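Pasting coords22.csv here (CSV, C-alpha atoms and all ligand atoms):
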```csv
chain,number,residue,atom,x,y,z
A,1,MET,CA,-2.5,-5.0,-45.5
A,2,ALA,CA,-5.7,-5.8,-43.6
A,3,THR,CA,-7.7,-2.7,-42.4
A,4,THR,CA,-9.3,-4.5,-39.5
A,5,MET,CA,-7.8,-6.6,-36.7
A,6,LYS,CA,-8.9,-8.8,-33.8
A,7,ALA,CA,-8.8,-7.0,-30.4
A,8,ALA,CA,-10.0,-7.5,-26.8
A,9,VAL,CA,-11.8,-4.4,-26.0
A,10,ILE,CA,-12.8,-3.5,-22.4
A,11,GLU,CA,-16.2,-2.0,-23.2
A,12,LYS,CA,-17.1,-1.1,-19.7
A,13,PRO,CA,-16.2,-2.4,-16.2
A,14,ASN,CA,-16.2,-6.2,-16.2
A,15,VAL,CA,-17.1,-6.5,-19.9
A,16,ILE,CA,-14.5,-7.6,-22.5
A,17,ALA,CA,-15.6,-8.0,-26.1
A,18,ILE,CA,-13.4,-9.8,-28.7
A,19,LYS,CA,-14.1,-7.9,-31.9
A,20,GLN,CA,-12.8,-6.6,-35.2
A,21,VAL,CA,-11.6,-3.0,-34.9
A,22,PRO,CA,-9.7,-0.8,-37.4
A,23,VAL,CA,-5.9,-1.3,-37.5
A,24,PRO,CA,-4.3,1.8,-36.0
A,25,GLU,CA,-3.4,4.4,-38.6
A,26,ILE,CA,0.2,5.5,-38.1
A,27,GLY,CA,1.4,9.1,-38.4
A,28,ASP,CA,4.8,10.1,-39.9
A,29,ILE,CA,6.7,9.5,-36.7
A,30,ASP,CA,5.0,6.3,-35.7
A,31,VAL,CA,5.6,2.6,-36.4
A,32,LEU,CA,3.0,-0.1,-36.6
A,33,ILE,CA,3.9,-3.2,-34.6
A,34,LYS,CA,2.4,-6.7,-35.1
A,35,VAL,CA,2.1,-7.7,-31.4
A,36,LYS,CA,3.6,-11.1,-30.5
A,37,TYR,CA,2.9,-11.4,-26.8
A,38,THR,CA,1.4,-9.3,-24.0
A,39,GLY,CA,2.0,-10.1,-20.3
A,40,ILE,CA,-1.0,-9.7,-18.0
A,41,CYS,CA,-0.4,-7.1,-15.3
A,42,GLY,CA,-2.2,-6.2,-12.1
A,43,THR,CA,-3.0,-2.9,-13.7
A,44,ASP,CA,-5.1,-4.8,-16.4
A,45,TRP,CA,-7.3,-6.2,-13.6
A,46,SER,CA,-7.8,-2.7,-12.1
A,47,ILE,CA,-8.8,-1.4,-15.6
A,48,TYR,CA,-11.1,-4.4,-16.2
A,49,THR,CA,-12.9,-3.9,-12.9
A,50,GLY,CA,-13.2,-0.2,-13.3
A,51,LYS,CA,-10.9,0.9,-10.5
A,52,TYR,CA,-8.4,2.5,-12.9
A,53,SER,CA,-8.8,4.5,-16.1
A,54,ALA,CA,-12.6,4.0,-16.1
A,55,ASP,CA,-13.0,7.3,-17.9
A,56,LYS,CA,-10.9,5.9,-20.8
A,57,LEU,CA,-13.3,3.0,-21.6
A,58,PRO,CA,-13.8,1.5,-24.2
A,59,LEU,CA,-10.1,0.7,-24.3
A,60,ILE,CA,-7.8,-2.0,-25.6
A,61,ALA,CA,-5.6,-2.6,-22.6
A,62,GLY,CA,-2.2,-4.4,-22.6
A,63,HIS,CA,1.2,-2.7,-22.1
A,64,GLU,CA,3.8,-5.4,-21.4
A,65,PHE,CA,4.5,-6.5,-24.9
A,66,SER,CA,6.9,-7.5,-27.7
A,67,GLY,CA,6.3,-7.6,-31.5
A,68,VAL,CA,7.6,-7.1,-35.0
A,69,ILE,CA,7.5,-3.8,-36.9
A,70,ALA,CA,5.0,-4.1,-39.8
A,71,GLN,CA,5.0,-0.5,-41.1
A,72,VAL,CA,7.2,2.5,-40.6
A,73,GLY,CA,6.1,6.2,-40.8
A,74,LYS,CA,8.2,8.3,-43.2
A,75,ASN,CA,9.9,10.2,-40.4
A,76,ALA,CA,10.4,7.2,-38.1
A,77,ARG,CA,14.2,6.9,-38.0
A,78,GLY,CA,16.4,4.0,-37.3
A,79,LEU,CA,13.7,1.3,-37.6
A,80,LYS,CA,12.6,-1.0,-40.4
A,81,GLU,CA,9.9,-3.6,-41.2
A,82,GLY,CA,10.7,-6.9,-39.5
A,83,ASP,CA,12.6,-5.4,-36.5
A,84,ARG,CA,11.8,-7.3,-33.3
A,85,VAL,CA,10.8,-4.6,-30.7
A,86,THR,CA,9.0,-3.4,-27.6
A,87,ALA,CA,8.1,0.1,-26.7
A,88,ASP,CA,8.4,2.4,-23.7
A,89,ILE,CA,4.7,2.9,-22.8
A,90,ASN,CA,5.2,6.3,-21.1
A,91,MET,CA,4.3,9.3,-23.3
A,92,SER,CA,4.5,12.9,-22.4
A,93,CYS,CA,4.1,16.4,-24.0
A,94,GLY,CA,7.8,17.2,-23.9
A,95,THR,CA,7.3,20.9,-23.2
A,96,CYS,CA,5.6,21.4,-19.8
A,97,PHE,CA,7.4,22.2,-16.6
A,98,TYR,CA,7.8,18.6,-15.6
A,99,CYS,CA,9.0,17.4,-19.0
A,100,ARG,CA,11.6,20.2,-19.0
A,101,GLN,CA,12.7,19.0,-15.6
A,102,GLY,CA,13.2,15.6,-17.0
A,103,GLN,CA,10.3,14.3,-14.9
A,104,LYS,CA,8.1,13.1,-17.7
A,105,LEU,CA,6.1,10.8,-15.4
A,106,MET,CA,4.7,13.9,-13.8
A,107,CYS,CA,3.7,15.5,-17.2
A,108,ARG,CA,0.3,17.1,-17.1
A,109,ASP,CA,-0.4,15.2,-20.4
A,110,PHE,CA,1.1,12.0,-19.3
A,111,HIS,CA,-0.4,8.9,-20.9
A,112,GLN,CA,0.5,5.2,-21.1
A,113,LEU,CA,0.0,2.8,-23.9
A,114,GLY,CA,-2.6,0.2,-22.9
A,115,ILE,CA,-3.6,2.2,-19.8
A,116,HIS,CA,-4.8,5.6,-21.1
A,117,VAL,CA,-4.7,4.9,-24.9
A,118,ASP,CA,-5.2,1.7,-26.9
A,119,GLY,CA,-2.6,-1.0,-26.1
A,120,THR,CA,-1.6,-4.5,-27.2
A,121,TYR,CA,-4.4,-7.0,-26.5
A,122,ALA,CA,-4.8,-6.8,-30.3
A,123,GLU,CA,-3.0,-7.8,-33.5
A,124,TYR,CA,-1.4,-4.4,-34.0
A,125,VAL,CA,-0.4,-1.4,-32.0
A,126,LYS,CA,1.2,1.9,-33.0
A,127,ALA,CA,3.9,3.7,-31.1
A,128,PRO,CA,6.1,6.8,-31.8
A,129,PHE,CA,9.5,5.7,-33.1
A,130,ASP,CA,11.4,7.3,-30.3
A,131,GLN,CA,9.6,5.1,-27.7
A,132,VAL,CA,10.6,1.9,-29.5
A,133,HIS,CA,13.4,-0.4,-28.4
A,134,LYS,CA,14.9,-3.1,-30.5
A,135,LEU,CA,15.2,-6.6,-28.9
A,136,PRO,CA,18.7,-8.1,-28.9
A,137,ASP,CA,18.9,-11.4,-30.7
A,138,SER,CA,19.5,-13.2,-27.4
A,139,LEU,CA,16.1,-12.0,-26.1
A,140,SER,CA,13.0,-14.1,-26.8
A,141,PHE,CA,9.7,-12.5,-27.5
A,142,LEU,CA,8.5,-13.7,-24.1
A,143,ALA,CA,11.4,-12.0,-22.3
A,144,GLY,CA,10.8,-9.0,-24.6
A,145,ALA,CA,7.2,-8.8,-23.2
A,146,PHE,CA,8.7,-8.7,-19.7
A,147,ILE,CA,11.0,-5.7,-20.2
A,148,GLU,CA,8.3,-3.2,-19.0
A,149,PRO,CA,7.8,-4.7,-15.4
A,150,VAL,CA,11.6,-5.1,-15.1
A,151,SER,CA,12.0,-1.4,-16.0
A,152,CYS,CA,9.6,-0.4,-13.3
A,153,VAL,CA,11.5,-2.3,-10.7
A,154,ILE,CA,14.8,-0.8,-11.9
A,155,HIS,CA,13.3,2.7,-11.6
A,156,SER,CA,12.4,2.0,-8.0
A,157,SER,CA,15.8,0.4,-7.2
A,158,LYS,CA,17.6,3.4,-8.7
A,159,ALA,CA,15.5,5.8,-6.6
A,160,ALA,CA,16.2,3.9,-3.4
A,161,ARG,CA,20.0,3.7,-4.1
A,162,VAL,CA,20.5,0.4,-2.4
A,163,THR,CA,24.2,-0.1,-1.4
A,164,HIS,CA,26.6,-3.0,-1.1
A,165,GLY,CA,26.1,-5.0,2.1
A,166,SER,CA,22.9,-3.3,3.1
A,167,SER,CA,19.9,-5.2,4.3
A,168,VAL,CA,16.9,-5.1,2.1
A,169,ALA,CA,13.4,-6.3,3.1
A,170,VAL,CA,10.8,-6.6,0.3
A,171,ILE,CA,7.1,-6.9,1.2
A,172,GLY,CA,5.3,-8.7,-1.6
A,173,SER,CA,6.0,-11.7,-3.8
A,174,GLY,CA,4.6,-10.5,-7.1
A,175,LEU,CA,7.1,-8.0,-8.6
A,176,GLY,CA,8.6,-8.2,-5.1
A,177,VAL,CA,10.5,-11.2,-6.4
A,178,LEU,CA,12.2,-9.0,-9.0
A,179,HIS,CA,12.9,-6.3,-6.3
A,180,GLY,CA,14.7,-9.0,-4.3
A,181,LEU,CA,16.7,-10.0,-7.4
A,182,LEU,CA,17.6,-6.4,-8.2
A,183,ALA,CA,18.7,-5.9,-4.6
A,184,ARG,CA,21.0,-8.9,-5.0
A,185,LEU,CA,22.4,-7.4,-8.2
A,186,ARG,CA,23.2,-4.2,-6.3
A,187,GLY,CA,25.2,-6.1,-3.7
A,188,ALA,CA,22.7,-6.0,-0.8
A,189,ALA,CA,22.9,-8.6,2.0
A,190,PRO,CA,20.8,-10.0,3.4
A,191,VAL,CA,17.9,-9.7,1.0
A,192,ILE,CA,14.6,-10.7,2.5
A,193,VAL,CA,11.4,-11.3,0.6
A,194,ILE,CA,8.1,-11.5,2.5
A,195,GLY,CA,4.9,-12.8,0.9
A,196,SER,CA,2.1,-15.3,1.2
A,197,ASN,CA,2.6,-17.3,-2.0
A,198,ALA,CA,4.8,-20.3,-1.5
A,199,LYS,CA,5.5,-20.9,-5.1
A,200,ARG,CA,6.6,-17.3,-5.8
A,201,LEU,CA,8.7,-17.3,-2.6
A,202,ALA,CA,10.4,-20.5,-3.9
A,203,ILE,CA,11.2,-18.7,-7.2
A,204,ALA,CA,12.7,-15.8,-5.2
A,205,LYS,CA,14.9,-18.3,-3.3
A,206,ASP,CA,16.0,-19.8,-6.6
A,207,MET,CA,16.9,-16.4,-7.9
A,208,GLY,CA,19.3,-15.9,-5.0
A,209,VAL,CA,17.3,-14.1,-2.3
A,210,ASP,CA,18.8,-14.9,1.1
A,211,VAL,CA,15.7,-15.3,3.2
A,212,THR,CA,12.0,-15.7,2.5
A,213,ILE,CA,9.2,-15.3,5.0
A,214,ASN,CA,5.8,-16.8,4.3
A,215,ILE,CA,3.3,-14.8,6.4
A,216,LYS,CA,1.0,-17.8,6.2
A,217,ASP,CA,3.4,-19.5,8.6
A,218,GLY,CA,2.0,-17.2,11.3
A,219,LYS,CA,5.3,-15.3,12.0
A,220,ASP,CA,5.3,-11.6,12.4
A,221,PRO,CA,7.3,-10.2,9.5
A,222,VAL,CA,8.4,-7.1,11.4
A,223,ALA,CA,9.8,-9.2,14.3
A,224,GLU,CA,11.4,-11.5,11.8
A,225,VAL,CA,13.1,-8.7,9.9
A,226,LYS,CA,14.4,-7.2,13.2
A,227,LYS,CA,15.7,-10.6,14.2
A,228,LEU,CA,17.7,-10.7,11.0
A,229,THR,CA,19.1,-7.2,11.4
A,230,ASP,CA,20.4,-7.2,15.0
A,231,GLY,CA,17.1,-5.7,16.2
A,232,ARG,CA,17.5,-2.5,14.1
A,233,GLY,CA,15.2,-3.1,11.2
A,234,ALA,CA,16.2,-3.2,7.5
A,235,ASP,CA,18.4,-0.5,5.9
A,236,PHE,CA,16.0,-0.5,2.9
A,237,VAL,CA,12.4,-1.7,2.8
A,238,VAL,CA,10.5,-2.1,-0.5
A,239,GLU,CA,6.7,-2.0,-0.3
A,240,ALA,CA,5.5,-3.9,-3.3
A,241,VAL,CA,1.9,-4.9,-2.3
A,242,GLY,CA,-0.1,-1.7,-2.2
A,243,THR,CA,-2.2,-1.8,0.9
A,244,PRO,CA,-2.2,0.6,3.9
A,245,ALA,CA,-1.5,-2.3,6.2
A,246,SER,CA,1.6,-3.3,4.4
A,247,TYR,CA,2.8,0.3,4.2
A,248,MET,CA,2.4,0.5,8.0
A,249,GLN,CA,4.5,-2.7,8.3
A,250,ALA,CA,7.1,-1.3,5.9
A,251,PHE,CA,7.6,1.7,8.2
A,252,ALA,CA,7.7,-0.6,11.3
A,253,MET,CA,10.5,-2.7,9.9
A,254,LEU,CA,12.6,0.2,8.6
A,255,ARG,CA,15.7,1.1,10.7
A,256,PRO,CA,16.4,4.7,11.8
A,257,GLY,CA,18.3,6.3,8.9
A,258,GLY,CA,16.8,3.8,6.5
A,259,THR,CA,15.0,4.3,3.1
A,260,LEU,CA,11.5,3.1,2.2
A,261,ALA,CA,10.9,2.5,-1.5
A,262,ALA,CA,7.1,3.0,-2.1
A,263,PHE,CA,6.2,0.8,-5.1
A,264,GLY,CA,2.9,-0.9,-4.4
A,265,ILE,CA,-0.1,1.1,-5.7
A,266,CYS,CA,-2.9,1.7,-3.1
A,267,ALA,CA,-6.4,2.9,-3.9
A,268,PRO,CA,-6.4,6.7,-4.6
A,269,ASP,CA,-8.2,7.5,-1.3
A,270,ASP,CA,-6.2,5.1,0.9
A,271,GLN,CA,-4.5,6.8,3.9
A,272,ILE,CA,-1.8,5.7,6.3
A,273,SER,CA,-0.7,7.3,9.5
A,274,VAL,CA,3.0,8.0,9.9
A,275,ASN,CA,4.6,9.0,13.2
A,276,PRO,CA,6.3,12.3,12.3
A,277,PHE,CA,8.5,12.1,15.5
A,278,ASP,CA,9.9,8.8,14.3
A,279,LEU,CA,10.3,10.1,10.8
A,280,VAL,CA,12.2,13.2,11.8
A,281,LEU,CA,14.3,11.9,14.7
A,282,GLY,CA,14.9,8.7,12.8
A,283,GLU,CA,15.9,10.6,9.6
A,284,LYS,CA,13.9,8.2,7.5
A,285,THR,CA,13.7,8.6,3.7
A,286,VAL,CA,10.7,7.7,1.6
A,287,VAL,CA,11.1,7.4,-2.2
A,288,GLY,CA,8.1,6.9,-4.5
A,289,SER,CA,8.4,5.5,-8.0
A,290,CYS,CA,5.7,5.3,-10.6
A,291,ALA,CA,7.0,3.5,-13.7
A,292,GLY,CA,10.1,2.6,-15.7
A,293,VAL,CA,11.1,5.3,-18.1
A,294,GLY,CA,14.0,6.3,-20.4
A,295,THR,CA,17.2,4.5,-19.4
A,296,ASP,CA,15.3,2.1,-17.1
A,297,TRP,CA,14.3,0.4,-20.4
A,298,THR,CA,17.7,0.1,-21.8
A,299,ASP,CA,19.0,-1.1,-18.4
A,300,ALA,CA,16.3,-3.7,-18.2
A,301,ILE,CA,17.1,-4.9,-21.7
A,302,ALA,CA,20.8,-5.1,-20.8
A,303,LEU,CA,20.2,-7.2,-17.7
A,304,LEU,CA,17.8,-9.5,-19.4
A,305,ALA,CA,20.0,-9.9,-22.5
A,306,ALA,CA,23.1,-10.7,-20.4
A,307,GLY,CA,21.1,-13.3,-18.4
A,308,HIS,CA,21.6,-11.4,-15.0
A,309,ILE,CA,17.8,-11.5,-14.8
A,310,LYS,CA,16.4,-14.9,-15.9
A,311,PRO,CA,12.7,-14.5,-15.7
A,312,GLU,CA,11.6,-17.8,-17.4
A,313,SER,CA,10.8,-19.6,-14.1
A,314,MET,CA,8.1,-16.8,-13.6
A,315,PHE,CA,6.4,-17.6,-16.9
A,316,SER,CA,3.3,-19.8,-16.4
A,317,MET,CA,1.5,-19.9,-19.7
A,318,ILE,CA,0.3,-18.3,-22.9
A,319,VAL,CA,-3.4,-18.0,-23.6
A,320,PRO,CA,-5.3,-17.0,-26.7
A,321,VAL,CA,-6.7,-13.4,-26.6
A,322,GLU,CA,-10.2,-14.9,-26.5
A,323,GLU,CA,-9.3,-16.2,-23.0
A,324,LEU,CA,-8.0,-12.9,-21.7
A,325,GLU,CA,-11.1,-12.4,-19.4
A,326,SER,CA,-10.9,-15.9,-17.9
A,327,ALA,CA,-7.2,-15.6,-17.4
A,328,LEU,CA,-7.6,-12.3,-15.6
A,329,LYS,CA,-10.0,-14.0,-13.2
A,330,GLN,CA,-7.8,-17.1,-12.9
A,331,LEU,CA,-4.9,-15.0,-11.9
A,332,ARG,CA,-6.9,-13.7,-8.9
A,333,THR,CA,-7.6,-17.2,-7.6
A,334,ASP,CA,-4.9,-19.6,-8.7
A,335,PRO,CA,-1.8,-19.2,-6.5
A,336,THR,CA,0.3,-21.4,-8.8
A,337,LEU,CA,0.2,-18.9,-11.6
A,338,THR,CA,2.9,-16.2,-12.0
A,339,LYS,CA,3.2,-14.5,-15.4
A,340,VAL,CA,0.6,-15.2,-18.0
A,341,PHE,CA,0.9,-14.0,-21.6
A,342,VAL,CA,-1.7,-13.3,-24.2
A,343,SER,CA,-1.4,-14.0,-27.9
A,344,THR,CA,-3.7,-13.3,-30.9
A,345,GLU,CA,-1.9,-15.9,-32.9
A,346,ILE,CA,-2.8,-19.1,-31.0
A,347,SER,CA,-6.0,-21.0,-30.4
A,348,GLN,CA,-5.0,-23.1,-27.4
A,349,ARG,CA,-3.3,-22.5,-24.1
A,350,GLU,CA,0.4,-23.2,-24.1
A,351,ILE,CA,1.8,-24.2,-20.7
A,352,LEU,CA,5.4,-22.8,-20.0
A,353,SER,CA,6.2,-23.9,-16.5
A,354,THR,CA,4.3,-25.5,-13.7
B,1,ZN,ZN,2.4,-3.7,-16.0
B,2,ZN,ZN,4.8,17.4,-20.3
```

Would you mind writing the file's structure down as structure tokens?
Amino acid sequence: MATTMKAAVIEKPNVIAIKQVPVPEIGDIDVLIKVKYTGICGTDWSIYTGKYSADKLPLIAGHEFSGVIAQVGKNARGLKEGDRVTADINMSCGTCFYCRQGQKLMCRDFHQLGIHVDGTYAEYVKAPFDQVHKLPDSLSFLAGAFIEPVSCVIHSSKAARVTHGSSVAVIGSGLGVLHGLLARLRGAAPVIVIGSNAKRLAIAKDMGVDVTINIKDGKDPVAEVKKLTDGRGADFVVEAVGTPASYMQAFAMLRPGGTLAAFGICAPDDQISVNPFDLVLGEKTVVGSCAGVGTDWTDAIALLAAGHIKPESMFSMIVPVEELESALKQLRTDPTLTKVFVSTEISQREILST
């Protein structure tokens, strides 16, 4: 087996180097995974530009991935060479207060593959065996690289506990599209997705969302949601953008007694003002959710494998790892792109859907 591998290393903010680095050495409980595809995530942009995990650079980012097991540690149970897999990226100490509470995302030693430790914009990655999930035969490697974002949306959806026949308004048409689909799967009606990207809103419509609102049409989304809910506001609102302004909008379109699912990630020092009078007398609930973890992964795999979530219309293209940096930039400016995957095994872009 080779001892070095090709990797895209974020050396410092706004600098990515394609270079040979050592293949990760696995411990007894680890497996080594030959990476097949990695989906580019907004978090990668934040790491690349130094807004997130800057203290972890140099770092190999990449955390939405699929691959094949290349090597198995001697105490890594239930897995073998050649297994098609992905891995839960969320790792914790297992013994602190939060881990004992079953809240591993709050662990004081919490770290994520490709965000705090080296990830998958490389030929190989290592992961502890108990984080690894096998891909069902019916799941492609591309869909396998999409399990992580689906698991995050499932985590938020479970936290909000959307009920049959309840109205759901989602602000955002990135992962907001998936939030809309999950609300549909939970029996909500009507499901409303609000965004500014016509292509993504069209995909949301195709996936069964009832109403889409394009803010570029000049309509006030708060007024529109109220119009669709007899003037009350939505029973559930999902904020999936991550700006103070859209959080303010989310509160404004939430009905008394409703639940706001906080999903979009703002800057660490962003603030919003909330009217406590309205919060208390309106008995409003706010639920935060950080990432998909544990059973969120098996649930995501089940929904993808059964075809209840068909993400292929969101898949735009695969780029060689050498083009990671240009693809990160292109995703910021090209509104026709949705999900872009990276591969170390190709030399030319492959277009998936237009
Ligand atoms: Zn991600
Ligand atoms: Zn812990």

I'd like to know which of A:Gly172, A:Pro13, A:Pro149, A:Gly119 is closest to Trp297 in chain A, using only C-alpha atoms.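 Comparing A:Gly172, A:Pro13, A:Pro149, A:Gly119 against Trp297 in chain A, the winner is A:Pro149.
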
For range 334-350 of chain A: contacts at 9 Å, all atoms listed in the file, fewer than 6 positions along chain excluded, given as a ChimeraX atom specification: /A:6-7,35-41,65,121-123,142,145,174,197-200,313-324,327

Please measure the separation of CA of Phe236 in chain A and CA of Glu64 in chain A, giving the value in Å to one decimal. 27.6 Å

Mind pulling up the distance from CA of Gly257 in chain A to CA of Lys104 in chain A? 29.3 Å

Within 10 Å of ligand ZN 1 (chain B), which residues of chain A come that close, and what is the closest atom pair and distance in Å for each? Count only C-alpha atoms and all ligand atoms and give it as JSON lines.
```
{"residue": "A:Thr38", "atom": "CA", "partner": "B:ZN1", "partner_atom": "ZN", "distance": 9.8}
{"residue": "A:Gly39", "atom": "CA", "partner": "B:ZN1", "partner_atom": "ZN", "distance": 7.7}
{"residue": "A:Ile40", "atom": "CA", "partner": "B:ZN1", "partner_atom": "ZN", "distance": 7.2}
{"residue": "A:Cys41", "atom": "CA", "partner": "B:ZN1", "partner_atom": "ZN", "distance": 4.5}
{"residue": "A:Gly42", "atom": "CA", "partner": "B:ZN1", "partner_atom": "ZN", "distance": 6.5}
{"residue": "A:Thr43", "atom": "CA", "partner": "B:ZN1", "partner_atom": "ZN", "distance": 5.9}
{"residue": "A:Asp44", "atom": "CA", "partner": "B:ZN1", "partner_atom": "ZN", "distance": 7.6}
{"residue": "A:Gly62", "atom": "CA", "partner": "B:ZN1", "partner_atom": "ZN", "distance": 8.1}
{"residue": "A:His63", "atom": "CA", "partner": "B:ZN1", "partner_atom": "ZN", "distance": 6.3}
{"residue": "A:Glu64", "atom": "CA", "partner": "B:ZN1", "partner_atom": "ZN", "distance": 5.8}
{"residue": "A:Phe65", "atom": "CA", "partner": "B:ZN1", "partner_atom": "ZN", "distance": 9.6}
{"residue": "A:Ile89", "atom": "CA", "partner": "B:ZN1", "partner_atom": "ZN", "distance": 9.8}
{"residue": "A:Gly114", "atom": "CA", "partner": "B:ZN1", "partner_atom": "ZN", "distance": 9.4}
{"residue": "A:Ile115", "atom": "CA", "partner": "B:ZN1", "partner_atom": "ZN", "distance": 9.2}
{"residue": "A:Phe146", "atom": "CA", "partner": "B:ZN1", "partner_atom": "ZN", "distance": 8.9}
{"residue": "A:Ile147", "atom": "CA", "partner": "B:ZN1", "partner_atom": "ZN", "distance": 9.8}
{"residue": "A:Glu148", "atom": "CA", "partner": "B:ZN1", "partner_atom": "ZN", "distance": 6.6}
{"residue": "A:Pro149", "atom": "CA", "partner": "B:ZN1", "partner_atom": "ZN", "distance": 5.5}
{"residue": "A:Val150", "atom": "CA", "partner": "B:ZN1", "partner_atom": "ZN", "distance": 9.3}
{"residue": "A:Ser151", "atom": "CA", "partner": "B:ZN1", "partner_atom": "ZN", "distance": 9.9}
{"residue": "A:Cys152", "atom": "CA", "partner": "B:ZN1", "partner_atom": "ZN", "distance": 8.4}
{"residue": "A:Leu175", "atom": "CA", "partner": "B:ZN1", "partner_atom": "ZN", "distance": 9.8}
{"residue": "A:Ala291", "atom": "CA", "partner": "B:ZN1", "partner_atom": "ZN", "distance": 8.8}
{"residue": "A:Gly292", "atom": "CA", "partner": "B:ZN1", "partner_atom": "ZN", "distance": 10.0}
```

Go through chain A and flag each residue having an atom no more than 8 Å from ligand ZN 2 (chain B); for those, report the closest pair of atoms plus their distance in Å to one decimal, using only C-alpha atoms and all ligand atoms, ordered by chain and rising number, as a Markdown table.
```
| residue | atom | partner | partner_atom | distance |
| --- | --- | --- | --- | --- |
| A:Ser92 | CA | B:ZN2 | ZN | 5.0 |
| A:Cys93 | CA | B:ZN2 | ZN | 3.9 |
| A:Gly94 | CA | B:ZN2 | ZN | 4.7 |
| A:Thr95 | CA | B:ZN2 | ZN | 5.2 |
| A:Cys96 | CA | B:ZN2 | ZN | 4.1 |
| A:Phe97 | CA | B:ZN2 | ZN | 6.6 |
| A:Tyr98 | CA | B:ZN2 | ZN | 5.7 |
| A:Cys99 | CA | B:ZN2 | ZN | 4.4 |
| A:Arg100 | CA | B:ZN2 | ZN | 7.5 |
| A:Lys104 | CA | B:ZN2 | ZN | 6.0 |
| A:Met106 | CA | B:ZN2 | ZN | 7.4 |
| A:Cys107 | CA | B:ZN2 | ZN | 3.8 |
| A:Arg108 | CA | B:ZN2 | ZN | 5.5 |
| A:Asp109 | CA | B:ZN2 | ZN | 5.6 |
| A:Phe110 | CA | B:ZN2 | ZN | 6.6 |
```

What does the distance from CA of His179 in chain A to CA of Ala262 in chain A come to in Å, to one decimal?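 CA of Ala262 in chain A lies at a distance of 11.7 Å from CA of His179 in chain A.
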
Write out as a count of residues only the residues lying within 6 Å of Gly165 in chain A, counting all atoms listed in the file and excluding same-chain residues fewer than 6 positions away. 3

For Leu185 in chain A, work out the shell of residues within 12 Å, counting all atoms listed in the file and skipping chain neighbours fewer than 6 positions away, then give it as an mmCIF file with C-alpha atoms, in the frame of the given file.
```
data_model
loop_
_atom_site.group_PDB
_atom_site.id
_atom_site.type_symbol
_atom_site.label_atom_id
_atom_site.label_comp_id
_atom_site.auth_asym_id
_atom_site.auth_seq_id
_atom_site.Cartn_x
_atom_site.Cartn_y
_atom_site.Cartn_z
ATOM 1 C CA ILE A 154 14.800 -0.800 -11.900
ATOM 2 C CA SER A 157 15.800 0.400 -7.200
ATOM 3 C CA LYS A 158 17.600 3.400 -8.700
ATOM 4 C CA VAL A 162 20.500 0.400 -2.400
ATOM 5 C CA THR A 163 24.200 -0.100 -1.400
ATOM 6 C CA HIS A 164 26.600 -3.000 -1.100
ATOM 7 C CA GLY A 165 26.100 -5.000 2.100
ATOM 8 C CA VAL A 168 16.900 -5.100 2.100
ATOM 9 C CA LEU A 178 12.200 -9.000 -9.000
ATOM 10 C CA HIS A 179 12.900 -6.300 -6.300
ATOM 11 C CA VAL A 191 17.900 -9.700 1.000
ATOM 12 C CA MET A 207 16.900 -16.400 -7.900
ATOM 13 C CA GLY A 208 19.300 -15.900 -5.000
ATOM 14 C CA VAL A 209 17.300 -14.100 -2.300
ATOM 15 C CA LEU A 303 20.200 -7.200 -17.700
ATOM 16 C CA GLY A 307 21.100 -13.300 -18.400
ATOM 17 C CA HIS A 308 21.600 -11.400 -15.000
ATOM 18 C CA ILE A 309 17.800 -11.500 -14.800
#
```

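With all atoms listed in the file as the basis for measurement, A:Ile203 is the residue among A:Val15, A:Val238, A:Val222, A:Ile203 that approaches Glu312 in chain A most closely.
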
Under the rule of at most 8 Å, produce a per-residue listing of range 59-87 of chain A near range 16-31 of chain A: chain, number, name, the closest pair of atoms, and the distance in Å, as a Markdown table, using only C-alpha atoms.
```
| residue | atom | partner | partner_atom | distance |
| --- | --- | --- | --- | --- |
| A:Ile69 | CA | A:Val31 | CA | 6.7 |
| A:Ala70 | CA | A:Val31 | CA | 7.5 |
| A:Gln71 | CA | A:Val31 | CA | 5.7 |
| A:Val72 | CA | A:Val31 | CA | 4.5 |
| A:Gly73 | CA | A:Asp28 | CA | 4.2 |
| A:Lys74 | CA | A:Asp28 | CA | 5.1 |
| A:Asn75 | CA | A:Ile29 | CA | 4.9 |
| A:Ala76 | CA | A:Ile29 | CA | 4.6 |
```

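When all atoms listed in the file are used to compute distances to Ile265 in chain A, the closest of the residues A:Thr285, A:Thr86, A:Ser46, A:Ser53 turns out to be A:Ser46.
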
Taking only C-alpha atoms into account, which of A:Cys290, A:Ala169, A:Leu328, A:Leu254 comes nearest Asp278 in chain A? A:Leu254

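Among the candidate residues A:Val170, A:Leu228, A:Ile272, A:Leu182, the one lying nearest to Leu201 in chain A is A:Val170, with distances computed using only C-alpha atoms.
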
Give me the residues within 7 Å of range 135-140 of chain A as a ChimeraX atom specification, counting all atoms listed in the file and dropping any in the same chain fewer than 5 places off. /A:84-85,305

Could you please take those selected residues and save C-alpha atoms as a PDB file, in the coordinates of the input?
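Below is the file that was written, again-v4.pdb:
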```pdb
ATOM      1  CA  ARG A  84      11.800  -7.300 -33.300  1.00  0.00           C
ATOM      2  CA  VAL A  85      10.800  -4.600 -30.700  1.00  0.00           C
ATOM      3  CA  ALA A 305      20.000  -9.900 -22.500  1.00  0.00           C
TER       4      ALA A 305
END
```
